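Structure below is query_24.pdb: PDB, C-alpha atoms and all ligand atoms.
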```pdb
ATOM      1  CA  MET F   1     -23.683  16.568  -8.997
ATOM      2  CA  SER F   2     -22.592  13.890 -11.439
ATOM      3  CA  ALA F   3     -19.945  11.386 -10.445
ATOM      4  CA  GLY F   4     -17.427  12.919 -12.848
ATOM      5  CA  GLN F   5     -17.529  16.278 -11.091
ATOM      6  CA  ARG F   6     -16.535  14.893  -7.718
ATOM      7  CA  PRO F   7     -12.842  14.807  -6.889
ATOM      8  CA  GLY F   8     -11.060  11.504  -7.025
ATOM      9  CA  TYR F   9      -9.986  10.093  -3.701
ATOM     10  CA  PHE F  10      -6.469   8.866  -3.126
ATOM     11  CA  ILE F  11      -6.668   5.708  -1.029
ATOM     12  CA  THR F  12      -3.734   3.498  -0.074
ATOM     13  CA  LEU F  13      -3.683  -0.066   1.191
ATOM     14  CA  GLU F  14      -0.741  -0.932   3.381
ATOM     15  CA  GLY F  15       0.342  -3.915   5.435
ATOM     16  CA  GLY F  16       2.694  -6.858   5.399
ATOM     17  CA  GLU F  17       3.170  -9.656   2.897
ATOM     18  CA  GLY F  18       0.062 -11.616   1.885
ATOM     19  CA  THR F  19      -2.349  -9.501   3.895
ATOM     20  CA  GLY F  20      -4.613  -9.130   0.837
ATOM     21  CA  LYS F  21      -3.672  -5.684  -0.484
ATOM     22  CA  SER F  22      -3.672  -6.612  -4.180
ATOM     23  CA  THR F  23      -6.857  -8.671  -3.882
ATOM     24  CA  GLN F  24      -8.684  -5.934  -2.005
ATOM     25  CA  ALA F  25      -7.491  -3.116  -4.289
ATOM     26  CA  ARG F  26      -9.243  -4.859  -7.192
ATOM     27  CA  LYS F  27     -12.403  -5.442  -5.174
ATOM     28  CA  LEU F  28     -12.597  -1.832  -4.046
ATOM     29  CA  VAL F  29     -12.260  -0.616  -7.632
ATOM     30  CA  SER F  30     -15.256  -2.790  -8.559
ATOM     31  CA  LEU F  31     -17.282  -1.352  -5.682
ATOM     32  CA  PHE F  32     -16.517   2.237  -6.684
ATOM     33  CA  GLU F  33     -17.297   1.471 -10.347
ATOM     34  CA  ALA F  34     -20.555  -0.259  -9.407
ATOM     35  CA  ARG F  35     -21.560   3.008  -7.754
ATOM     36  CA  GLY F  36     -20.826   5.004 -10.884
ATOM     37  CA  ARG F  37     -17.506   6.424  -9.789
ATOM     38  CA  LYS F  38     -14.398   5.844 -11.871
ATOM     39  CA  ALA F  39     -11.541   4.186 -10.004
ATOM     40  CA  ILE F  40      -8.228   2.531 -10.791
ATOM     41  CA  ALA F  41      -6.027   0.140  -8.869
ATOM     42  CA  THR F  42      -2.307   0.723  -8.952
ATOM     43  CA  ARG F  43       0.684  -0.466  -6.953
ATOM     44  CA  GLU F  44       4.111   0.277  -5.550
ATOM     45  CA  PRO F  45       6.811  -0.195  -6.336
ATOM     46  CA  GLY F  46       5.597   0.299  -9.907
ATOM     47  CA  GLY F  47       2.336   1.710 -11.172
ATOM     48  CA  SER F  48       3.781   3.348 -14.309
ATOM     49  CA  PRO F  49       5.837   1.760 -17.112
ATOM     50  CA  ASP F  50       9.184   3.114 -15.927
ATOM     51  CA  ALA F  51       8.455   2.503 -12.256
ATOM     52  CA  GLU F  52       7.553  -1.115 -13.103
ATOM     53  CA  ILE F  53      11.108  -1.557 -14.429
ATOM     54  CA  LEU F  54      12.402  -0.294 -11.075
ATOM     55  CA  ARG F  55       9.990  -2.695  -9.338
ATOM     56  CA  ASP F  56      11.628  -5.683 -11.012
ATOM     57  CA  ILE F  57      15.038  -4.487  -9.850
ATOM     58  CA  LEU F  58      13.880  -3.754  -6.289
ATOM     59  CA  LEU F  59      12.031  -7.025  -5.774
ATOM     60  CA  SER F  60      14.816  -9.104  -7.346
ATOM     61  CA  GLY F  61      16.916  -8.260  -4.288
ATOM     62  CA  VAL F  62      19.971  -6.953  -6.177
ATOM     63  CA  VAL F  63      19.660  -3.577  -4.458
ATOM     64  CA  LYS F  64      19.590  -4.985  -0.918
ATOM     65  CA  SER F  65      23.376  -5.078  -0.709
ATOM     66  CA  LEU F  66      23.501  -1.309  -1.329
ATOM     67  CA  GLY F  67      21.793  -0.777   2.034
ATOM     68  CA  PRO F  68      18.427   0.664   3.105
ATOM     69  CA  PHE F  69      19.183   4.266   2.097
ATOM     70  CA  ALA F  70      20.064   3.393  -1.492
ATOM     71  CA  GLU F  71      17.047   1.106  -1.577
ATOM     72  CA  ALA F  72      14.838   3.913  -0.254
ATOM     73  CA  LEU F  73      16.218   6.233  -2.954
ATOM     74  CA  LEU F  74      15.241   3.782  -5.651
ATOM     75  CA  PHE F  75      11.771   3.325  -4.169
ATOM     76  CA  SER F  76      11.496   7.118  -4.127
ATOM     77  CA  ALA F  77      12.562   7.396  -7.772
ATOM     78  CA  ALA F  78       9.848   4.912  -8.693
ATOM     79  CA  ARG F  79       7.344   6.874  -6.568
ATOM     80  CA  ILE F  80       8.113  10.138  -8.392
ATOM     81  CA  ASP F  81       7.265   8.541 -11.733
ATOM     82  CA  HIS F  82       4.191   6.792 -10.327
ATOM     83  CA  LEU F  83       2.902  10.119  -9.011
ATOM     84  CA  ASP F  84       3.675  12.029 -12.205
ATOM     85  CA  LYS F  85       2.414   9.495 -14.724
ATOM     86  CA  THR F  86      -0.416   7.718 -12.952
ATOM     87  CA  ILE F  87      -1.649   9.081  -9.619
ATOM     88  CA  ARG F  88      -1.841  12.840 -10.178
ATOM     89  CA  PRO F  89      -3.258  12.632 -13.729
ATOM     90  CA  ALA F  90      -6.009  10.262 -12.570
ATOM     91  CA  LEU F  91      -6.962  12.352  -9.534
ATOM     92  CA  ALA F  92      -7.064  15.463 -11.740
ATOM     93  CA  LYS F  93      -9.677  13.710 -13.900
ATOM     94  CA  GLY F  94     -11.796  12.891 -10.860
ATOM     95  CA  ILE F  95     -10.747   9.252 -10.857
ATOM     96  CA  THR F  96     -10.315   7.571  -7.477
ATOM     97  CA  VAL F  97      -6.903   5.942  -7.123
ATOM     98  CA  ILE F  98      -6.395   2.892  -4.937
ATOM     99  CA  SER F  99      -2.721   2.147  -4.473
ATOM    100  CA  ASP F 100      -1.454  -1.194  -3.227
ATOM    101  CA  ARG F 101       1.359   0.239  -1.028
ATOM    102  CA  PHE F 102       2.704   3.811  -1.052
ATOM    103  CA  SER F 103       5.015   5.985   1.033
ATOM    104  CA  ASP F 104       4.138   4.337   4.360
ATOM    105  CA  SER F 105       5.822   1.181   3.079
ATOM    106  CA  THR F 106       9.082   3.127   2.758
ATOM    107  CA  ARG F 107       8.674   4.435   6.305
ATOM    108  CA  VAL F 108       8.051   0.942   7.606
ATOM    109  CA  TYR F 109      10.255  -1.349   5.484
ATOM    110  CA  GLN F 110      13.349   0.821   5.025
ATOM    111  CA  GLY F 111      12.845   3.128   7.996
ATOM    112  CA  ILE F 112      11.735   0.957  10.868
ATOM    113  CA  ALA F 113      12.221  -2.678   9.862
ATOM    114  CA  GLY F 114      15.372  -1.776   7.846
ATOM    115  CA  ASN F 115      16.819   0.481  10.564
ATOM    116  CA  LEU F 116      17.298   3.455   8.253
ATOM    117  CA  ASP F 117      17.735   6.753  10.101
ATOM    118  CA  GLN F 118      14.252   8.253  10.612
ATOM    119  CA  ARG F 119      15.510  11.707   9.645
ATOM    120  CA  LYS F 120      16.634  10.412   6.263
ATOM    121  CA  VAL F 121      13.272   8.745   5.714
ATOM    122  CA  ALA F 122      11.415  11.936   6.639
ATOM    123  CA  MET F 123      13.706  14.027   4.432
ATOM    124  CA  LEU F 124      13.107  11.756   1.458
ATOM    125  CA  GLU F 125       9.357  11.769   2.014
ATOM    126  CA  ARG F 126       9.339  15.568   2.133
ATOM    127  CA  ALA F 127      11.407  15.792  -1.044
ATOM    128  CA  VAL F 128       9.204  13.385  -2.987
ATOM    129  CA  LEU F 129       5.737  14.190  -1.645
ATOM    130  CA  ASN F 130       6.018  17.762  -0.377
ATOM    131  CA  GLY F 131       3.051  17.159   1.930
ATOM    132  CA  PHE F 132       0.951  15.185  -0.547
ATOM    133  CA  LEU F 133      -0.518  12.267   1.399
ATOM    134  CA  PRO F 134      -3.392   9.844   0.827
ATOM    135  CA  ASP F 135      -6.912  10.874   1.817
ATOM    136  CA  LEU F 136      -7.215   7.517   3.524
ATOM    137  CA  THR F 137      -4.695   4.794   4.348
ATOM    138  CA  MET F 138      -6.069   1.411   5.333
ATOM    139  CA  ILE F 139      -3.572  -0.881   7.010
ATOM    140  CA  LEU F 140      -4.358  -4.574   6.623
ATOM    141  CA  ASP F 141      -3.350  -6.219   9.864
ATOM    142  CA  LEU F 142      -2.629  -9.938  10.055
ATOM    143  CA  PRO F 143      -0.243 -12.196  11.983
ATOM    144  CA  PRO F 144       2.811 -12.434   9.680
ATOM    145  CA  LYS F 145       2.769 -16.218   9.734
ATOM    146  CA  ILE F 146      -0.683 -16.278   8.085
ATOM    147  CA  GLY F 147       0.308 -13.612   5.549
ATOM    148  CA  LEU F 148       3.468 -15.455   4.543
ATOM    149  CA  GLU F 149       1.492 -18.701   4.202
ATOM    150  CA  ARG F 150      -1.003 -16.964   1.941
ATOM    151  CA  ALA F 151       1.833 -15.481  -0.168
ATOM    152  CA  ALA F 152       3.556 -18.882  -0.404
ATOM    153  CA  ALA F 153       0.297 -20.551  -1.481
ATOM    154  CA  ARG F 154      -0.151 -17.889  -4.169
ATOM    155  CA  ARG F 155       3.362 -18.500  -5.484
ATOM    156  CA  SER F 156       2.971 -22.259  -5.645
ATOM    157  CA  ALA F 157      -0.311 -21.790  -7.537
ATOM    158  CA  VAL F 158       1.525 -20.433 -10.603
ATOM    159  CA  ALA F 159       2.595 -23.058 -13.126
ATOM    160  CA  ASP F 160       6.291 -23.588 -12.343
ATOM    161  CA  GLY F 161       6.290 -22.005  -8.888
ATOM    162  CA  GLU F 162       7.980 -18.724  -7.993
ATOM    163  CA  ALA F 163      10.769 -17.870  -5.581
ATOM    164  CA  PRO F 164       9.958 -15.596  -2.623
ATOM    165  CA  ASP F 165      10.694 -11.959  -3.476
ATOM    166  CA  ARG F 166      13.270  -9.791  -1.698
ATOM    167  CA  PHE F 167      10.954  -8.980   1.228
ATOM    168  CA  GLU F 168       9.092 -12.269   1.530
ATOM    169  CA  ALA F 169      12.519 -13.875   1.951
ATOM    170  CA  GLU F 170      13.195 -11.930   5.160
ATOM    171  CA  GLU F 171      12.923 -13.765   8.480
ATOM    172  CA  LEU F 172       9.758 -13.914  10.548
ATOM    173  CA  GLN F 173      11.258 -11.462  13.041
ATOM    174  CA  PHE F 174      11.526  -8.830  10.266
ATOM    175  CA  HIS F 175       7.852  -9.335   9.405
ATOM    176  CA  ARG F 176       6.870  -8.992  13.062
ATOM    177  CA  ARG F 177       8.642  -5.630  13.133
ATOM    178  CA  VAL F 178       6.816  -4.622   9.952
ATOM    179  CA  ARG F 179       3.484  -5.451  11.558
ATOM    180  CA  GLU F 180       4.294  -3.557  14.740
ATOM    181  CA  ALA F 181       5.501  -0.533  12.751
ATOM    182  CA  PHE F 182       2.262  -0.421  10.743
ATOM    183  CA  ARG F 183       0.220  -0.715  13.928
ATOM    184  CA  ALA F 184       2.195   2.144  15.468
ATOM    185  CA  LEU F 185       1.546   4.247  12.356
ATOM    186  CA  ALA F 186      -2.210   3.750  12.747
ATOM    187  CA  ASP F 187      -1.868   5.007  16.328
ATOM    188  CA  THR F 188       0.203   8.069  15.480
ATOM    189  CA  GLU F 189      -1.804   9.219  12.436
ATOM    190  CA  PRO F 190      -5.384   8.261  13.299
ATOM    191  CA  ARG F 191      -6.966  10.910  11.061
ATOM    192  CA  ARG F 192      -5.418   9.485   7.895
ATOM    193  CA  CYS F 193      -4.823   5.862   8.847
ATOM    194  CA  ILE F 194      -7.074   3.077   9.993
ATOM    195  CA  LEU F 195      -6.150  -0.443  11.035
ATOM    196  CA  ILE F 196      -8.277  -3.121   9.389
ATOM    197  CA  ASN F 197      -8.420  -6.703  10.625
ATOM    198  CA  ALA F 198      -7.321  -8.776   7.602
ATOM    199  CA  GLU F 199      -8.292 -12.166   9.032
ATOM    200  CA  GLY F 200     -11.332 -13.953   7.666
ATOM    201  CA  SER F 201     -12.610 -14.397   4.127
ATOM    202  CA  GLU F 202     -11.866 -11.967   1.296
ATOM    203  CA  GLU F 203     -15.514 -10.894   1.365
ATOM    204  CA  VAL F 204     -15.475 -10.097   5.072
ATOM    205  CA  VAL F 205     -12.288  -8.042   4.700
ATOM    206  CA  THR F 206     -13.800  -6.163   1.729
ATOM    207  CA  GLN F 207     -16.821  -5.304   3.869
ATOM    208  CA  ARG F 208     -14.578  -3.914   6.601
ATOM    209  CA  LEU F 209     -12.649  -1.810   4.094
ATOM    210  CA  TRP F 210     -15.767  -0.509   2.399
ATOM    211  CA  ALA F 211     -17.319   0.413   5.741
ATOM    212  CA  ALA F 212     -14.210   2.467   6.529
ATOM    213  CA  ILE F 213     -14.383   4.210   3.134
ATOM    214  CA  GLU F 214     -18.038   5.065   3.688
ATOM    215  CA  ARG F 215     -17.403   6.344   7.180
ATOM    216  CA  ARG F 216     -14.236   8.299   6.450
ATOM    217  CA  LEU F 217     -14.757   9.580   2.908
ATOM    218  CA  LEU F 218     -18.235   9.151   1.531
ATOM    219  CA  ASN F 219     -20.429  10.259   4.414
ATOM    220  CA  ASP F 220     -19.046  13.778   4.499
ATOM    221  CA  GLY F 221     -21.292  15.279   1.866
ATOM    222  CA  GLY F 222     -19.736  13.578  -1.150
ATOM    223  CA  GLY F 223     -21.435  10.249  -0.465
ATOM    224  CA  LEU F 224     -22.374   7.752  -3.119
ATOM    225  CA  SER F 225     -26.087   7.162  -3.443
TER
HETATM  226  N1  LIG G 301      -9.039 -13.007   3.188
HETATM  227  C1  LIG G 301      -8.314 -13.937   2.582
HETATM  228  N2  LIG G 301      -8.324 -15.211   3.016
HETATM  229  C2  LIG G 301      -7.577 -16.166   2.427
HETATM  230  N3  LIG G 301      -6.759 -15.957   1.368
HETATM  231  C3  LIG G 301      -6.684 -14.704   0.900
HETATM  232  C4  LIG G 301      -7.435 -13.628   1.471
HETATM  233  N4  LIG G 301      -7.150 -12.490   0.787
HETATM  234  C5  LIG G 301      -6.248 -12.832  -0.139
HETATM  235  N5  LIG G 301      -5.986 -14.157  -0.102
HETATM  236  C6  LIG G 301      -5.055 -14.902  -0.945
HETATM  237  O1  LIG G 301      -3.788 -14.780  -0.331
HETATM  238  C7  LIG G 301      -2.783 -14.532  -1.300
HETATM  239  C8  LIG G 301      -2.159 -13.171  -1.006
HETATM  240  O2  LIG G 301      -3.115 -12.133  -1.250
HETATM  241  P1  LIG G 301      -2.659 -10.792  -1.994
HETATM  242  O3  LIG G 301      -1.775 -11.135  -3.136
HETATM  243  O4  LIG G 301      -3.884 -10.003  -2.269
HETATM  244  O5  LIG G 301      -1.832 -10.122  -0.797
HETATM  245  P2  LIG G 301      -0.823  -8.907  -0.857
HETATM  246  O6  LIG G 301      -1.028  -8.177   0.415
HETATM  247  O7  LIG G 301      -0.989  -8.158  -2.117
HETATM  248  O8  LIG G 301       0.564  -9.676  -0.823
HETATM  249  P3  LIG G 301       2.035  -9.147  -1.266
HETATM  250  O9  LIG G 301       2.478  -8.200  -0.205
HETATM  251  O10 LIG G 301       2.854 -10.393  -1.260
HETATM  252  O11 LIG G 301       1.876  -8.529  -2.620
HETATM  253  C9  LIG G 301      -3.477 -14.587  -2.652
HETATM  254  O12 LIG G 301      -3.311 -15.882  -3.184
HETATM  255  C10 LIG G 301      -4.933 -14.332  -2.331
HETATM  256  O13 LIG G 301      -5.792 -14.965  -3.238
HETATM  257 MG    MG G 302       0.364  -7.776  -3.643
END
```
Render the structure in this file as structure tokens.
Amino acid sequence: MSAGQRPGYFITLEGGEGTGKSTQARKLVSLFEARGRKAIATREPGGSPDAEILRDILLSGVVKSLGPFAEALLFSAARIDHLDKTIRPALAKGITVISDRFSDSTRVYQGIAGNLDQRKVAMLERAVLNGFLPDLTMILDLPPKIGLERAAARRSAVADGEAPDRFEAEELQFHRRVREAFRALADTEPRRCILINAEGSEEVVTQRLWAAIERRLLNDGGGLS
């Protein structure tokens, strides 16, 4: 079978700030492409032109004062457009989609770390996704202190420096809760989710991620040669 005839996989990368999601999404796309399979990297919030406008609003922090439910609604609105305009069309063409964050971030950031009622989070997820979930979710796990240091170093590397975004600006305690919530998710949904140690070099982390992709997705008859 040619690569184009195989279905596209929907893979999400989750985890706290600075754990390497954006870096690794790009690397995984290159690995898929090098094996003759089309793949795209995308991200949340954002991932489509209209959702990117919502991203700017969400990460600016202006929505925080509306509370976690209103924030979750806006994330959900962005997710609807991302699904409609980017994710579903790509998968339909057999393109593998690697998303830097997806619905698990809403569960964790607004639901658990933000103390939003779990029933509201579940209701929203049902309304937006109607059971559509990633084929594989890889959770990059790192002590928050290291992740925040990495994110701060990235910001200071741009010409005139950048302010921390709405979530980076939260206290360390918030980020510890985020980490614990992601770890708990890996425990409760082990068929879909896998915890990946995000310490070590970029290359080492890429190897861990790729090994998980091979084991979970590619070795079941649809493997890459
Ligand atoms: N394994 C690694 N070791 C050291 N530095 C890394 C590693 N992976 C990524 N970095 C660097 O750390 C910074 C954060 O990485 P990246 O932007 O990929 O993380 P992220 O999870 O997307 O963060 P955010 O949640 O803030 O978007 C970047 O400057 C990146 O180059
Ligand atoms: Mg990122």
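Take the candidates F:Lys21, F:Lys27, F:His82, F:Arg191 and check each one against Gln207 (chain F) using only C-alpha atoms; the shortest distance goes to F:Lys27.
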Taking all atoms listed in the file into account, report as a PyMOL selection string which residues have an atom no farther than 9 Å from an atom of ligand MG 302 (chain G). chain F and resi 17-23+43+100-101+151
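Counting all atoms listed in the file and comparing F:Pro164, F:Gly67, F:Gly36, F:Pro49, the residue that lies closest to ligand LIG 301 (chain G) is F:Pro164.
For the pair atom O13 of ligand LIG 301 (chain G) and CA of Met138 (chain F), the interatomic distance is 18.5 Å.
If only C-alpha atoms and all ligand atoms are the atoms counted, then among F:Pro89, F:Gly147, F:Gly111, F:Gly94 the closest residue to ligand LIG 301 (chain G) is F:Gly147.
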Given the point (5.1, 10.3, 4.9) in the coordinates of this file, which residues lie within 12 Å, counting all atoms listed in the file, and how would they look as a ChimeraX atom specification? /F:76,102-108,111,118-134,137,185,188-189,192-193
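In this comparison, which uses all atoms listed in the file, the residue of F:Thr206, F:Leu74, F:Leu136, F:Phe32 approaching Val62 (chain F) most closely is F:Leu74.
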Residues at most 10 Å from ligand LIG 301 (chain G), using all atoms listed in the file? Could they come as a count of residues only? 48
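In this model, the gap between CA of Pro45 (chain F) and CA of Ala92 (chain F) comes to 21.6 Å.
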